[in-house]
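**Q** My questions will all concern the structure given below.
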Amino acid sequence: MHTSRSCKNLLLLVPFLSAACASSPPVDLAADVDRDGVVDLRKDAAGEEAWTARRGALFLNNNDDDGGRGAPDHTDAVVNGPADLEDLTLVVLRCNVGIAPDARLEITVDTASRERVRLFLPTAGGGWEAPDLARPVPIAPARVAGGDLEMRTEALTYADQAWNGEVVLTATLTQVGSGPVSDAVRLRVAPFILLSNLQTGTELYVREATGRNELFISQIADIASRAGFTLTVIPEAATEQRGGIWCQDAMEIGFTQIPGRSMSVVLRANRDRPLDEVPRQLLLGTDYGWFTCGVFRPEIVERDRGNRWLDWYGNLEVAPPVPGYPLGRVYYGSNGEEALNPEIVAMLDAQGMQGPAVKLDTGWLVIKHVDEMVCFVPTGEGRHPYKVLVPDPEAMIALLDRWIAEGHGEAPVLQPFRREDEAPMTVASLQADTDLRDHNLALSQDRIRPNRETLKNEFGLEEDDFIGIPAYFTLRGSSLFPNLVNSVVINGHFLTSDPHGPEVAGTDLLQQRVRELLADLPLEVHFLDDRIYHRGGGNVHCATNVRRTPFARPWWTYLGDR
């Protein structure tokens, strides 16, 4: 509902300006340009045809499901009830002159936006109609004779490489004896924004795997009750695939927001796997949107099977706020010329808030995901609010040498992953494998160190911002020990793998070292039984996904900080 008082028209044959509206344009199109949640034709007039960091109207990609149809609201040309109406942005049309019955009044949409937006006009019966925007939309003079015409609009997509997300609506009045007069307003679709580990988590997802991850789920359930988040277990039957356990890879959860409205939004993965459909089936609903971008790319698998996981969303992450990027910055992994789907990257960059995205080298890993080699954790310090966990093979080598020196060479490691007929792996046998040691030293210097330098340069980090987590990689590129960087940070809790290091006097020495490294952080560390996932090539982060709350301030208030 807008607050301004209309100047009623008398349907005279000769146009005139009423005394109350002498300074107003003959035809006036208005939206919430000052972003206060109210349309006021006077306050919202300045700069309405532009869009800047300080002023400019917003509208939603209306991709939640208020109609309970199992599809985003924008996929039909109807208003799906009162909740859906609240997701539509108000646009007001007023005429400040008398309009002759034979006058022509019409609304047009800029050519680039006609297939990206929908306009709703009220009907005589109290409903809504969506006219075809491919041609000018005629407005009968009688519709504005008695007062303002309140229309609504929605976006059908986010901005992308083909559309900048801005739409210009123009109202034009043409009367006999005078030339056409017009007024325009520019709106921008609110961006899709990703959320980092530092944001509060409200819901954690894990997929049921009967007989294989009950302990893992129960451990998380115990943490959830203390950490203030909801644990949602996706039924195994929902995926029709026993191997579909990678919740992180099936969806990317962010949010979108306009004045007075905010919703979580999930981006569907393009993996051609049943789990990809779960977000639409189980999550899509009121104030929980869903959308797709790009398609499954079998050609990258055909060129090199080692790249077949590049488009999975463990390979898409976002940093917390970094210099020049007050809402964080997106990063992803690559293997030579192949990387995360460029259409996804271009869409995220087009949001104008968290890009350009940073490309890191993940080609040395079997799965090739950035969540295997970068994890931001909070420090609780205002000036330096986070540290970055990275795998550190040199730290593992130093640990093996230290454990030998301390007399623990015969202590077994990785016992749950050894067959009964297989000789145990010990600290000494692992340390004696010179090929593995040389491989990990080379990885550390030639692949991991350059990535750290990229993170420094792109995110404004210093050497002291990194914490090296002991890690060891096979010659194939998989993590020998469960990867403790591939972890979940949620509400002051750090959920990571039980590494199954050497145990001495009831203490896992690798767990102990990790606790020491994280001791100064405001995190409670939990080592979870994720054997099912480690055997499959992933760990705790791969196995889960988290819905998080948006920033305390609306995203548009950060525009001037970029």
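By order in the structure tokens, chains are A, B, ...; within a chain, residues start at 1; ligands start at 1, following the order shown.
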Which polymer residues have any atom within 12 Å of an atom of Phe59 (chain A), counting only C-alpha atoms, with same-chain residues fewer than 6 positions away left out, as a VMD selection string?
**A** chain A and resid 31 to 33 35 37 86 to 91 116 to 119 152 to 159 165 to 167 186 to 191 256 to 262
**Q** Would you list the contacts of region 208-215 of chain A as an MDAnalysis selection string, taking every protein, DNA or RNA residue within 7 Å and counting only C-alpha atoms, but skipping same-chain residues closer than 4 positions in sequence?
**A** chainID A and resid 219 233:236 242 529 532
**Q** Can you list, as JSON, numbers by chain, every protein, DNA or RNA residue that comes within 6 Å of region 484-497 of chain A when you count only C-alpha atoms, leaving out same-chain residues fewer than 5 positions away?
**A** {"A": [197, 200, 201, 227, 371, 372, 375, 523, 524, 525, 526, 527, 528, 530, 539, 540, 541]}
**Q** Calculated over only C-alpha atoms, which of the candidates A:Leu105, A:Val27, A:Leu60, A:Ile344 has the smallest distance to Ala269 (chain A)?
**A**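 Of all the options, A:Ile344 lies closest to Ala269 (chain A).
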**Q** Pick out each residue of region 144-392 of chain A that DSSP on the backbone tags as helix (DSSP H, G or I); I need them as an NGL selection string.
**A** :A and (144-145 or 214-227 or 236-238 or 247-250 or 274-283 or 298-303 or 305-307 or 313-315 or 342-350 or 370-372)
**Q** State, in Å with one decimal place, the distance from CA of Pro26 (chain A) to CA of Ala142 (chain A).
**A**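 Between CA of Pro26 (chain A) and CA of Ala142 (chain A) the gap is 15.7 Å.
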